[in-house]
>>> print(open('target36.cif').read())   # mmCIF, N, CA and C atoms
data_upload
#
loop_
_atom_site.label_atom_id
_atom_site.label_comp_id
_atom_site.auth_asym_id
_atom_site.auth_seq_id
_atom_site.Cartn_x
_atom_site.Cartn_y
_atom_site.Cartn_z
N MET C 73 -36.81 0.28 10.80
CA MET C 73 -36.56 -0.98 10.15
C MET C 73 -35.05 -1.19 10.08
N THR C 74 -34.62 -2.34 10.54
CA THR C 74 -33.19 -2.66 10.56
C THR C 74 -32.88 -3.59 9.39
N GLY C 75 -31.88 -3.22 8.62
CA GLY C 75 -31.46 -4.05 7.50
C GLY C 75 -30.60 -5.20 7.97
N GLN C 76 -30.38 -6.13 7.08
CA GLN C 76 -29.52 -7.25 7.41
C GLN C 76 -28.07 -6.77 7.49
N PRO C 77 -27.32 -7.34 8.42
CA PRO C 77 -25.90 -6.96 8.49
C PRO C 77 -25.19 -7.35 7.20
N ARG C 78 -24.24 -6.52 6.82
CA ARG C 78 -23.48 -6.81 5.60
C ARG C 78 -22.50 -7.94 5.85
N THR C 79 -22.24 -8.68 4.81
CA THR C 79 -21.28 -9.77 4.92
C THR C 79 -19.86 -9.20 4.92
N ARG C 80 -18.93 -10.03 5.29
CA ARG C 80 -17.53 -9.63 5.29
C ARG C 80 -17.11 -9.19 3.89
N LEU C 81 -17.50 -9.95 2.88
CA LEU C 81 -17.14 -9.62 1.51
C LEU C 81 -17.75 -8.28 1.09
N GLU C 82 -18.95 -8.01 1.50
CA GLU C 82 -19.57 -6.71 1.18
C GLU C 82 -18.82 -5.57 1.87
N ARG C 83 -18.39 -5.78 3.09
CA ARG C 83 -17.61 -4.74 3.79
C ARG C 83 -16.28 -4.52 3.11
N VAL C 84 -15.64 -5.61 2.66
CA VAL C 84 -14.37 -5.48 1.95
C VAL C 84 -14.59 -4.71 0.65
N ARG C 85 -15.64 -5.05 -0.10
CA ARG C 85 -15.93 -4.34 -1.35
C ARG C 85 -16.13 -2.85 -1.11
N ALA C 86 -16.86 -2.51 -0.05
CA ALA C 86 -17.09 -1.10 0.26
C ALA C 86 -15.78 -0.41 0.62
N SER C 87 -14.95 -1.08 1.39
CA SER C 87 -13.66 -0.50 1.80
C SER C 87 -12.74 -0.32 0.60
N VAL C 88 -12.74 -1.30 -0.30
CA VAL C 88 -11.92 -1.19 -1.51
C VAL C 88 -12.39 0.01 -2.34
N GLY C 89 -13.68 0.21 -2.41
CA GLY C 89 -14.21 1.37 -3.13
C GLY C 89 -13.75 2.68 -2.52
N ILE C 90 -13.78 2.77 -1.20
CA ILE C 90 -13.31 3.97 -0.51
C ILE C 90 -11.82 4.18 -0.75
N ALA C 91 -11.04 3.11 -0.63
CA ALA C 91 -9.60 3.21 -0.86
C ALA C 91 -9.31 3.62 -2.30
N SER C 92 -10.06 3.08 -3.23
CA SER C 92 -9.86 3.44 -4.64
C SER C 92 -10.12 4.92 -4.88
N LEU C 93 -11.14 5.45 -4.25
CA LEU C 93 -11.43 6.89 -4.38
C LEU C 93 -10.30 7.73 -3.79
N ALA C 94 -9.78 7.30 -2.64
CA ALA C 94 -8.67 8.03 -2.02
C ALA C 94 -7.43 8.00 -2.91
N LEU C 95 -7.14 6.83 -3.48
CA LEU C 95 -5.98 6.72 -4.37
C LEU C 95 -6.18 7.56 -5.62
N GLN C 96 -7.40 7.65 -6.11
CA GLN C 96 -7.68 8.48 -7.28
C GLN C 96 -7.42 9.94 -6.96
N GLN C 97 -7.74 10.38 -5.75
CA GLN C 97 -7.45 11.76 -5.35
C GLN C 97 -5.95 12.02 -5.36
N ILE C 98 -5.18 11.07 -4.85
CA ILE C 98 -3.72 11.22 -4.86
C ILE C 98 -3.22 11.29 -6.29
N GLU C 99 -3.69 10.38 -7.13
CA GLU C 99 -3.28 10.36 -8.52
C GLU C 99 -3.63 11.67 -9.23
N ASP C 100 -4.82 12.18 -8.98
CA ASP C 100 -5.23 13.45 -9.58
C ASP C 100 -4.27 14.58 -9.17
N GLY C 101 -3.89 14.57 -7.89
CA GLY C 101 -2.95 15.58 -7.42
C GLY C 101 -1.59 15.45 -8.08
N LEU C 102 -1.16 14.23 -8.31
CA LEU C 102 0.14 13.99 -8.94
C LEU C 102 0.15 14.40 -10.41
N ARG C 103 -1.00 14.38 -11.04
CA ARG C 103 -1.09 14.74 -12.45
C ARG C 103 -1.24 16.24 -12.68
N ALA C 104 -1.39 17.00 -11.64
CA ALA C 104 -1.59 18.45 -11.78
C ALA C 104 -0.38 19.09 -12.45
N ASP C 105 -0.65 20.03 -13.32
CA ASP C 105 0.42 20.70 -14.06
C ASP C 105 1.35 21.53 -13.18
N ASP C 106 0.88 21.92 -12.00
CA ASP C 106 1.70 22.79 -11.16
C ASP C 106 2.52 22.04 -10.10
N VAL C 107 2.58 20.70 -10.17
CA VAL C 107 3.40 19.94 -9.23
C VAL C 107 4.85 20.05 -9.67
N ASP C 108 5.67 20.63 -8.79
CA ASP C 108 7.09 20.74 -9.12
C ASP C 108 7.86 19.58 -8.50
N GLN C 109 9.17 19.53 -8.75
CA GLN C 109 9.95 18.39 -8.29
C GLN C 109 9.99 18.28 -6.77
N GLU C 110 10.05 19.40 -6.07
CA GLU C 110 10.09 19.36 -4.61
C GLU C 110 8.78 18.81 -4.04
N GLU C 111 7.66 19.27 -4.59
CA GLU C 111 6.37 18.78 -4.11
C GLU C 111 6.18 17.31 -4.46
N LEU C 112 6.59 16.92 -5.65
CA LEU C 112 6.49 15.52 -6.05
C LEU C 112 7.31 14.64 -5.12
N ALA C 113 8.51 15.07 -4.78
CA ALA C 113 9.35 14.31 -3.84
C ALA C 113 8.67 14.21 -2.47
N ALA C 114 8.05 15.31 -2.02
CA ALA C 114 7.36 15.30 -0.73
C ALA C 114 6.18 14.33 -0.75
N ILE C 115 5.46 14.29 -1.85
CA ILE C 115 4.33 13.36 -1.97
C ILE C 115 4.84 11.92 -1.93
N LEU C 116 5.91 11.64 -2.64
CA LEU C 116 6.48 10.28 -2.62
C LEU C 116 6.90 9.90 -1.22
N ARG C 117 7.49 10.85 -0.51
CA ARG C 117 7.92 10.58 0.87
C ARG C 117 6.72 10.27 1.76
N GLU C 118 5.59 10.92 1.51
CA GLU C 118 4.39 10.64 2.29
C GLU C 118 3.96 9.19 2.16
N LEU C 119 4.24 8.59 1.02
CA LEU C 119 3.84 7.20 0.80
C LEU C 119 4.73 6.21 1.52
N ILE C 120 5.92 6.64 1.94
CA ILE C 120 6.88 5.69 2.51
C ILE C 120 7.37 6.04 3.91
N GLU C 121 7.14 7.24 4.38
CA GLU C 121 7.69 7.63 5.68
C GLU C 121 6.91 7.04 6.84
N ASP C 122 7.59 6.94 7.96
CA ASP C 122 6.97 6.48 9.21
C ASP C 122 6.08 7.56 9.77
N THR C 123 4.89 7.64 9.27
CA THR C 123 3.94 8.62 9.79
C THR C 123 2.71 7.87 10.25
N ASP C 124 1.62 8.07 9.62
CA ASP C 124 0.39 7.39 9.98
C ASP C 124 -0.20 6.78 8.74
N PRO C 125 -0.25 5.51 8.55
CA PRO C 125 0.04 4.45 9.51
C PRO C 125 1.54 4.25 9.69
N PRO C 126 1.94 3.66 10.82
CA PRO C 126 3.37 3.44 11.03
C PRO C 126 3.99 2.68 9.85
N GLY C 127 5.07 3.22 9.35
CA GLY C 127 5.73 2.60 8.21
C GLY C 127 5.29 3.18 6.88
N GLY C 128 4.27 4.00 6.90
CA GLY C 128 3.80 4.63 5.68
C GLY C 128 2.78 3.79 4.93
N PHE C 129 2.32 4.35 3.85
CA PHE C 129 1.29 3.73 3.03
C PHE C 129 1.75 2.41 2.43
N MET C 130 2.97 2.38 1.93
CA MET C 130 3.47 1.16 1.29
C MET C 130 3.53 0.01 2.29
N ALA C 131 3.94 0.31 3.52
CA ALA C 131 3.97 -0.73 4.56
C ALA C 131 2.55 -1.21 4.87
N ALA C 132 1.59 -0.31 4.84
CA ALA C 132 0.20 -0.72 5.09
C ALA C 132 -0.30 -1.64 3.98
N VAL C 133 0.06 -1.36 2.74
CA VAL C 133 -0.34 -2.22 1.63
C VAL C 133 0.33 -3.60 1.77
N ALA C 134 1.59 -3.60 2.15
CA ALA C 134 2.28 -4.88 2.36
C ALA C 134 1.62 -5.67 3.48
N GLN C 135 1.23 -5.00 4.55
CA GLN C 135 0.56 -5.67 5.66
C GLN C 135 -0.79 -6.22 5.21
N LEU C 136 -1.45 -5.50 4.31
CA LEU C 136 -2.72 -5.97 3.77
C LEU C 136 -2.55 -7.32 3.07
N LEU C 137 -1.40 -7.56 2.46
CA LEU C 137 -1.12 -8.84 1.81
C LEU C 137 -0.60 -9.89 2.79
N THR C 138 0.07 -9.44 3.83
CA THR C 138 0.61 -10.37 4.82
C THR C 138 -0.50 -11.03 5.63
N ALA C 139 -1.55 -10.28 5.92
CA ALA C 139 -2.66 -10.84 6.71
C ALA C 139 -3.29 -12.05 6.02
N PRO C 140 -3.66 -11.97 4.73
CA PRO C 140 -4.22 -13.17 4.10
C PRO C 140 -3.16 -14.26 3.89
N ALA C 141 -1.90 -13.87 3.79
CA ALA C 141 -0.85 -14.89 3.66
C ALA C 141 -0.80 -15.75 4.92
N ARG C 142 -0.89 -15.10 6.06
CA ARG C 142 -0.86 -15.85 7.33
C ARG C 142 -2.09 -16.73 7.47
N ARG C 143 -3.22 -16.21 7.03
CA ARG C 143 -4.44 -17.01 7.09
C ARG C 143 -4.35 -18.18 6.11
N ALA C 144 -3.82 -17.93 4.92
CA ALA C 144 -3.67 -19.00 3.93
C ALA C 144 -2.78 -20.12 4.45
N GLU C 145 -1.76 -19.76 5.23
CA GLU C 145 -0.89 -20.79 5.80
C GLU C 145 -1.70 -21.78 6.63
N GLN C 146 -2.76 -21.28 7.26
CA GLN C 146 -3.56 -22.13 8.13
C GLN C 146 -4.61 -22.95 7.37
N VAL C 147 -5.06 -22.43 6.22
CA VAL C 147 -6.19 -23.08 5.56
C VAL C 147 -5.86 -23.73 4.22
N GLU C 148 -4.68 -23.46 3.65
CA GLU C 148 -4.39 -24.07 2.35
C GLU C 148 -4.35 -25.59 2.49
N PRO C 149 -4.89 -26.28 1.50
CA PRO C 149 -5.13 -27.72 1.62
C PRO C 149 -3.94 -28.56 2.08
N ASP C 150 -2.82 -28.42 1.46
CA ASP C 150 -1.68 -29.28 1.79
C ASP C 150 -0.62 -28.56 2.63
N HIS C 151 -0.92 -27.36 3.06
CA HIS C 151 0.04 -26.56 3.82
C HIS C 151 1.38 -26.50 3.09
N ASP C 152 1.30 -26.37 1.77
CA ASP C 152 2.50 -26.40 0.94
C ASP C 152 2.96 -25.02 0.49
N GLY C 153 2.23 -23.99 0.86
CA GLY C 153 2.65 -22.64 0.52
C GLY C 153 2.21 -22.17 -0.85
N ASP C 154 1.40 -22.97 -1.55
CA ASP C 154 0.97 -22.56 -2.89
C ASP C 154 0.19 -21.23 -2.87
N ALA C 155 -0.52 -20.98 -1.81
CA ALA C 155 -1.28 -19.73 -1.70
C ALA C 155 -0.52 -18.69 -0.87
N SER C 156 0.05 -19.13 0.24
CA SER C 156 0.67 -18.17 1.15
C SER C 156 1.99 -17.60 0.63
N CYS C 157 2.79 -18.40 -0.02
CA CYS C 157 4.09 -17.91 -0.49
C CYS C 157 3.97 -16.75 -1.48
N PRO C 158 3.11 -16.84 -2.49
CA PRO C 158 2.98 -15.70 -3.40
C PRO C 158 2.51 -14.43 -2.70
N LEU C 159 1.67 -14.57 -1.68
CA LEU C 159 1.22 -13.40 -0.94
C LEU C 159 2.35 -12.79 -0.12
N HIS C 160 3.12 -13.64 0.55
CA HIS C 160 4.29 -13.14 1.29
C HIS C 160 5.29 -12.47 0.35
N GLU C 161 5.51 -13.09 -0.80
CA GLU C 161 6.44 -12.51 -1.78
C GLU C 161 5.95 -11.17 -2.30
N ALA C 162 4.65 -11.06 -2.55
CA ALA C 162 4.10 -9.79 -3.02
C ALA C 162 4.29 -8.71 -1.96
N ALA C 163 4.07 -9.04 -0.69
CA ALA C 163 4.28 -8.07 0.38
C ALA C 163 5.73 -7.63 0.45
N THR C 164 6.64 -8.59 0.29
CA THR C 164 8.06 -8.27 0.31
C THR C 164 8.45 -7.39 -0.87
N LEU C 165 7.90 -7.69 -2.04
CA LEU C 165 8.19 -6.86 -3.22
C LEU C 165 7.73 -5.42 -3.01
N ILE C 166 6.61 -5.25 -2.35
CA ILE C 166 6.11 -3.90 -2.10
C ILE C 166 7.05 -3.14 -1.19
N THR C 167 7.46 -3.76 -0.09
CA THR C 167 8.31 -3.04 0.85
C THR C 167 9.75 -2.92 0.36
N ASP C 168 10.31 -4.03 -0.12
CA ASP C 168 11.71 -4.01 -0.51
C ASP C 168 11.94 -3.33 -1.86
N ASN C 169 11.14 -3.65 -2.84
CA ASN C 169 11.37 -3.12 -4.18
C ASN C 169 10.65 -1.80 -4.41
N ALA C 170 9.35 -1.81 -4.31
CA ALA C 170 8.59 -0.59 -4.60
C ALA C 170 8.93 0.51 -3.60
N GLY C 171 9.00 0.16 -2.33
CA GLY C 171 9.32 1.16 -1.31
C GLY C 171 10.69 1.78 -1.53
N GLN C 172 11.68 0.94 -1.82
CA GLN C 172 13.03 1.45 -2.05
C GLN C 172 13.08 2.34 -3.29
N ARG C 173 12.36 1.98 -4.30
CA ARG C 173 12.35 2.78 -5.53
C ARG C 173 11.68 4.14 -5.30
N LEU C 174 10.67 4.18 -4.45
CA LEU C 174 10.07 5.47 -4.10
C LEU C 174 11.08 6.36 -3.39
N ILE C 175 11.86 5.75 -2.50
CA ILE C 175 12.90 6.50 -1.79
C ILE C 175 13.91 7.06 -2.79
N TRP C 176 14.38 6.23 -3.71
CA TRP C 176 15.36 6.68 -4.71
C TRP C 176 14.79 7.81 -5.57
N ALA C 177 13.54 7.66 -5.98
CA ALA C 177 12.93 8.69 -6.82
C ALA C 177 12.79 10.01 -6.06
N ALA C 178 12.36 9.92 -4.81
CA ALA C 178 12.21 11.13 -4.00
C ALA C 178 13.56 11.82 -3.81
N ARG C 179 14.61 11.05 -3.55
CA ARG C 179 15.94 11.62 -3.38
C ARG C 179 16.45 12.26 -4.68
N ALA C 180 16.14 11.62 -5.80
CA ALA C 180 16.59 12.17 -7.09
C ALA C 180 15.89 13.48 -7.40
N LEU C 181 14.63 13.58 -7.01
CA LEU C 181 13.87 14.80 -7.28
C LEU C 181 14.24 15.92 -6.33
N HIS C 182 14.44 15.58 -5.05
CA HIS C 182 14.73 16.62 -4.07
C HIS C 182 15.42 15.98 -2.87
N PRO C 183 16.76 16.02 -2.86
CA PRO C 183 17.50 15.43 -1.74
C PRO C 183 17.16 16.14 -0.44
N GLN C 184 17.04 15.36 0.63
CA GLN C 184 16.77 15.91 1.95
C GLN C 184 17.95 15.58 2.85
N GLN C 185 18.37 16.54 3.62
CA GLN C 185 19.45 16.29 4.57
C GLN C 185 18.91 15.51 5.77
N GLY C 186 19.50 14.35 6.08
CA GLY C 186 19.13 13.59 7.26
C GLY C 186 17.80 12.89 7.19
N GLY C 187 17.14 12.86 6.06
CA GLY C 187 15.84 12.18 5.96
C GLY C 187 15.83 11.24 4.77
N ILE C 188 14.64 10.82 4.45
CA ILE C 188 14.50 9.90 3.31
C ILE C 188 14.77 10.65 2.03
#
>>> encode(input="target36.cif", output="structure tokens")
Amino acid sequence: MTGQPRTRLERVRASVGIASLALQQIEDGLRADDVDQEELAAILRELIEDTDPPGGFMAAVAQLLTAPARRAEQVEPDHDGDASCPLHEAATLITDNAGQRLIWAARALHPQQGGI
């Protein structure tokens, strides 16, 4: 017996659930009593370094907001940016502000020669 295909929204909900579980695992690791400054800095670097996905986790989150911003540009009623601009701004805040602050925090915890 074949079930009905899931809708796009149902697939998004399932993916958000999976991502939330993954983020909870990271958070649990960060809360561990045995995380020292060097390991904490390394974890922060994992969120921002050019690894997989390219540009790091923060860049992937920013891209997640850029995709609907581009779509909103095409479908918003007056093409006035009421929907797309806040999404583009949120993506920029993630990469420019949050990403930079992760770099600063990682450097403060454990400076690396020639790296982030």
>>> residues_around(input="target36.cif", residues="segment 141-145 of chain C", least_positions_apart="3", cutoff="7 Å", atoms="all atoms listed in the file", output="PyMOL selection string")
chain C and resi 136-138+148+151+153+155-157+159-160
>>> resolve_selection(input="target36.cif", expression="the PyMOL selection byres ((chain C and resi 131-133) around 8)", output="PDB file with N, CA and C atoms, in the coordinates of the input")
ATOM      1  N   LEU C 119       4.240   8.590   1.020  1.00  0.00           N
ATOM      2  CA  LEU C 119       3.840   7.200   0.800  1.00  0.00           C
ATOM      3  C   LEU C 119       4.730   6.210   1.520  1.00  0.00           C
ATOM      4  N   ILE C 120       5.920   6.640   1.940  1.00  0.00           N
ATOM      5  CA  ILE C 120       6.880   5.690   2.510  1.00  0.00           C
ATOM      6  C   ILE C 120       7.370   6.040   3.910  1.00  0.00           C
ATOM      7  N   GLU C 121       7.140   7.240   4.380  1.00  0.00           N
ATOM      8  CA  GLU C 121       7.690   7.630   5.680  1.00  0.00           C
ATOM      9  C   GLU C 121       6.910   7.040   6.840  1.00  0.00           C
ATOM     10  N   PRO C 125      -0.250   5.510   8.550  1.00  0.00           N
ATOM     11  CA  PRO C 125       0.040   4.450   9.510  1.00  0.00           C
ATOM     12  C   PRO C 125       1.540   4.250   9.690  1.00  0.00           C
ATOM     13  N   PRO C 126       1.940   3.660  10.820  1.00  0.00           N
ATOM     14  CA  PRO C 126       3.370   3.440  11.030  1.00  0.00           C
ATOM     15  C   PRO C 126       3.990   2.680   9.850  1.00  0.00           C
ATOM     16  N   GLY C 127       5.070   3.220   9.350  1.00  0.00           N
ATOM     17  CA  GLY C 127       5.730   2.600   8.210  1.00  0.00           C
ATOM     18  C   GLY C 127       5.290   3.180   6.880  1.00  0.00           C
ATOM     19  N   GLY C 128       4.270   4.000   6.900  1.00  0.00           N
ATOM     20  CA  GLY C 128       3.800   4.630   5.680  1.00  0.00           C
ATOM     21  C   GLY C 128       2.780   3.790   4.930  1.00  0.00           C
ATOM     22  N   PHE C 129       2.320   4.350   3.850  1.00  0.00           N
ATOM     23  CA  PHE C 129       1.290   3.730   3.030  1.00  0.00           C
ATOM     24  C   PHE C 129       1.750   2.410   2.430  1.00  0.00           C
ATOM     25  N   MET C 130       2.970   2.380   1.930  1.00  0.00           N
ATOM     26  CA  MET C 130       3.470   1.160   1.290  1.00  0.00           C
ATOM     27  C   MET C 130       3.530   0.010   2.290  1.00  0.00           C
ATOM     28  N   ALA C 134       1.590  -3.600   2.150  1.00  0.00           N
ATOM     29  CA  ALA C 134       2.280  -4.880   2.360  1.00  0.00           C
ATOM     30  C   ALA C 134       1.620  -5.670   3.480  1.00  0.00           C
ATOM     31  N   GLN C 135       1.230  -5.000   4.550  1.00  0.00           N
ATOM     32  CA  GLN C 135       0.560  -5.670   5.660  1.00  0.00           C
ATOM     33  C   GLN C 135      -0.790  -6.220   5.210  1.00  0.00           C
ATOM     34  N   LEU C 136      -1.450  -5.500   4.310  1.00  0.00           N
ATOM     35  CA  LEU C 136      -2.720  -5.970   3.770  1.00  0.00           C
ATOM     36  C   LEU C 136      -2.550  -7.320   3.070  1.00  0.00           C
ATOM     37  N   LEU C 137      -1.400  -7.560   2.460  1.00  0.00           N
ATOM     38  CA  LEU C 137      -1.120  -8.840   1.810  1.00  0.00           C
ATOM     39  C   LEU C 137      -0.600  -9.890   2.790  1.00  0.00           C
ATOM     40  N   THR C 138       0.070  -9.440   3.830  1.00  0.00           N
ATOM     41  CA  THR C 138       0.610 -10.370   4.820  1.00  0.00           C
ATOM     42  C   THR C 138      -0.500 -11.030   5.630  1.00  0.00           C
ATOM     43  N   ALA C 162       4.650 -11.060  -2.550  1.00  0.00           N
ATOM     44  CA  ALA C 162       4.100  -9.790  -3.020  1.00  0.00           C
ATOM     45  C   ALA C 162       4.290  -8.710  -1.960  1.00  0.00           C
ATOM     46  N   ALA C 163       4.070  -9.040  -0.690  1.00  0.00           N
ATOM     47  CA  ALA C 163       4.280  -8.070   0.380  1.00  0.00           C
ATOM     48  C   ALA C 163       5.730  -7.630   0.450  1.00  0.00           C
ATOM     49  N   ILE C 166       6.610  -5.250  -2.350  1.00  0.00           N
ATOM     50  CA  ILE C 166       6.110  -3.900  -2.100  1.00  0.00           C
ATOM     51  C   ILE C 166       7.050  -3.140  -1.190  1.00  0.00           C
ATOM     52  N   THR C 167       7.460  -3.760  -0.090  1.00  0.00           N
ATOM     53  CA  THR C 167       8.310  -3.040   0.850  1.00  0.00           C
ATOM     54  C   THR C 167       9.750  -2.920   0.360  1.00  0.00           C
ATOM     55  N   GLY C 171       9.000   0.160  -2.330  1.00  0.00           N
ATOM     56  CA  GLY C 171       9.320   1.160  -1.310  1.00  0.00           C
ATOM     57  C   GLY C 171      10.690   1.780  -1.530  1.00  0.00           C
TER      58      GLY C 171
END
>>> axis_aligned_box(input="target36.cif", around="segment 85-98 of chain C", padding_each_side="6 Å", output="lines of an AutoDock Vina configuration file")
center_x = -10.2
center_y = 3.5
center_z = -2.7
size_x = 25.9
size_y = 29.1
size_z = 21.1
>>> closest_atom_pairs(input="target36.cif", of="segment 91-158 of chain C", to="segment 173-177 of chain C", cutoff="8 Å", atoms="only C-alpha atoms", output="tab-separated table")
residue	atom	partner	partner_atom	distance
C:Ala113	CA	C:Ala177	CA	7.3
C:Leu116	CA	C:Leu174	CA	6.2
C:Arg117	CA	C:Ile175	CA	7.0
C:Ile120	CA	C:Leu174	CA	7.3
>>> write_last_selection(input="target36.cif", atoms="N, CA and C atoms", output="mmCIF file, keeping the file's coordinate frame")
data_model
loop_
_atom_site.group_PDB
_atom_site.id
_atom_site.type_symbol
_atom_site.label_atom_id
_atom_site.label_comp_id
_atom_site.auth_asym_id
_atom_site.auth_seq_id
_atom_site.Cartn_x
_atom_site.Cartn_y
_atom_site.Cartn_z
ATOM 1 N N ALA C 113 8.510 15.070 -4.780
ATOM 2 C CA ALA C 113 9.350 14.310 -3.840
ATOM 3 C C ALA C 113 8.670 14.210 -2.470
ATOM 4 N N LEU C 116 5.910 11.640 -2.640
ATOM 5 C CA LEU C 116 6.480 10.280 -2.620
ATOM 6 C C LEU C 116 6.900 9.900 -1.220
ATOM 7 N N ARG C 117 7.490 10.850 -0.510
ATOM 8 C CA ARG C 117 7.920 10.580 0.870
ATOM 9 C C ARG C 117 6.720 10.270 1.760
ATOM 10 N N ILE C 120 5.920 6.640 1.940
ATOM 11 C CA ILE C 120 6.880 5.690 2.510
ATOM 12 C C ILE C 120 7.370 6.040 3.910
#
>>> select_by_dssp(input="target36.cif", residues="segment 115-169 of chain C", states="alpha helix (DSSP H)", output="ChimeraX atom specification")
/C:115-120,128-147,156-164
>>> write_last_selection(input="target36.cif", atoms="N, CA and C atoms", output="compact mmCIF listing (two decimals), in the frame of the given file")
# COMPACT_ATOMS: atom_id res chain seq x y z
N ILE C 115 5.46 14.29 -1.85
CA ILE C 115 4.33 13.36 -1.97
C ILE C 115 4.84 11.92 -1.93
N LEU C 116 5.91 11.64 -2.64
CA LEU C 116 6.48 10.28 -2.62
C LEU C 116 6.90 9.90 -1.22
N ARG C 117 7.49 10.85 -0.51
CA ARG C 117 7.92 10.58 0.87
C ARG C 117 6.72 10.27 1.76
N GLU C 118 5.59 10.92 1.51
CA GLU C 118 4.39 10.64 2.29
C GLU C 118 3.96 9.19 2.16
N LEU C 119 4.24 8.59 1.02
CA LEU C 119 3.84 7.20 0.80
C LEU C 119 4.73 6.21 1.52
N ILE C 120 5.92 6.64 1.94
CA ILE C 120 6.88 5.69 2.51
C ILE C 120 7.37 6.04 3.91
N GLY C 128 4.27 4.00 6.90
CA GLY C 128 3.80 4.63 5.68
C GLY C 128 2.78 3.79 4.93
N PHE C 129 2.32 4.35 3.85
CA PHE C 129 1.29 3.73 3.03
C PHE C 129 1.75 2.41 2.43
N MET C 130 2.97 2.38 1.93
CA MET C 130 3.47 1.16 1.29
C MET C 130 3.53 0.01 2.29
N ALA C 131 3.94 0.31 3.52
CA ALA C 131 3.97 -0.73 4.56
C ALA C 131 2.55 -1.21 4.87
N ALA C 132 1.59 -0.31 4.84
CA ALA C 132 0.20 -0.72 5.09
C ALA C 132 -0.30 -1.64 3.98
N VAL C 133 0.06 -1.36 2.74
CA VAL C 133 -0.34 -2.22 1.63
C VAL C 133 0.33 -3.60 1.77
N ALA C 134 1.59 -3.60 2.15
CA ALA C 134 2.28 -4.88 2.36
C ALA C 134 1.62 -5.67 3.48
N GLN C 135 1.23 -5.00 4.55
CA GLN C 135 0.56 -5.67 5.66
C GLN C 135 -0.79 -6.22 5.21
N LEU C 136 -1.45 -5.50 4.31
CA LEU C 136 -2.72 -5.97 3.77
C LEU C 136 -2.55 -7.32 3.07
N LEU C 137 -1.40 -7.56 2.46
CA LEU C 137 -1.12 -8.84 1.81
C LEU C 137 -0.60 -9.89 2.79
N THR C 138 0.07 -9.44 3.83
CA THR C 138 0.61 -10.37 4.82
C THR C 138 -0.50 -11.03 5.63
N ALA C 139 -1.55 -10.28 5.92
CA ALA C 139 -2.66 -10.84 6.71
C ALA C 139 -3.29 -12.05 6.02
N PRO C 140 -3.66 -11.97 4.73
CA PRO C 140 -4.22 -13.17 4.10
C PRO C 140 -3.16 -14.26 3.89
N ALA C 141 -1.90 -13.87 3.79
CA ALA C 141 -0.85 -14.89 3.66
C ALA C 141 -0.80 -15.75 4.92
N ARG C 142 -0.89 -15.10 6.06
CA ARG C 142 -0.86 -15.85 7.33
C ARG C 142 -2.09 -16.73 7.47
N ARG C 143 -3.22 -16.21 7.03
CA ARG C 143 -4.44 -17.01 7.09
C ARG C 143 -4.35 -18.18 6.11
N ALA C 144 -3.82 -17.93 4.92
CA ALA C 144 -3.67 -19.00 3.93
C ALA C 144 -2.78 -20.12 4.45
N GLU C 145 -1.76 -19.76 5.23
CA GLU C 145 -0.89 -20.79 5.80
C GLU C 145 -1.70 -21.78 6.63
N GLN C 146 -2.76 -21.28 7.26
CA GLN C 146 -3.56 -22.13 8.13
C GLN C 146 -4.61 -22.95 7.37
N VAL C 147 -5.06 -22.43 6.22
CA VAL C 147 -6.19 -23.08 5.56
C VAL C 147 -5.86 -23.73 4.22
N SER C 156 0.05 -19.13 0.24
CA SER C 156 0.67 -18.17 1.15
C SER C 156 1.99 -17.60 0.63
N CYS C 157 2.79 -18.40 -0.02
CA CYS C 157 4.09 -17.91 -0.49
C CYS C 157 3.97 -16.75 -1.48
N PRO C 158 3.11 -16.84 -2.49
CA PRO C 158 2.98 -15.70 -3.40
C PRO C 158 2.51 -14.43 -2.70
N LEU C 159 1.67 -14.57 -1.68
CA LEU C 159 1.22 -13.40 -0.94
C LEU C 159 2.35 -12.79 -0.12
N HIS C 160 3.12 -13.64 0.55
CA HIS C 160 4.29 -13.14 1.29
C HIS C 160 5.29 -12.47 0.35
N GLU C 161 5.51 -13.09 -0.80
CA GLU C 161 6.44 -12.51 -1.78
C GLU C 161 5.95 -11.17 -2.30
N ALA C 162 4.65 -11.06 -2.55
CA ALA C 162 4.10 -9.79 -3.02
C ALA C 162 4.29 -8.71 -1.96
N ALA C 163 4.07 -9.04 -0.69
CA ALA C 163 4.28 -8.07 0.38
C ALA C 163 5.73 -7.63 0.45
N THR C 164 6.64 -8.59 0.29
CA THR C 164 8.06 -8.27 0.31
C THR C 164 8.45 -7.39 -0.87
>>> resolve_selection(input="target36.cif", expression="the PyMOL selection byres (((chain C and resi 88-105 and name CA) around 12) and name CA)", output="JSON, numbers by chain")
{"C": [81, 82, 83, 84, 85, 86, 87, 106, 107, 108, 109, 111, 112, 113, 114, 115, 116, 118, 119, 129, 133, 136]}
>>> atom_distance(input="target36.cif", atom1="atom N of Ala139 of chain C", atom2="atom C of Leu165 of chain C")
13.8 Å
>>> atom_distance(input="target36.cif", atom1="atom N of Asp154 of chain C", atom2="atom C of Asp168 of chain C")
22.3 Å
>>> atom_distance(input="target36.cif", atom1="atom C of Glu110 of chain C", atom2="atom C of Ala180 of chain C")
9.5 Å
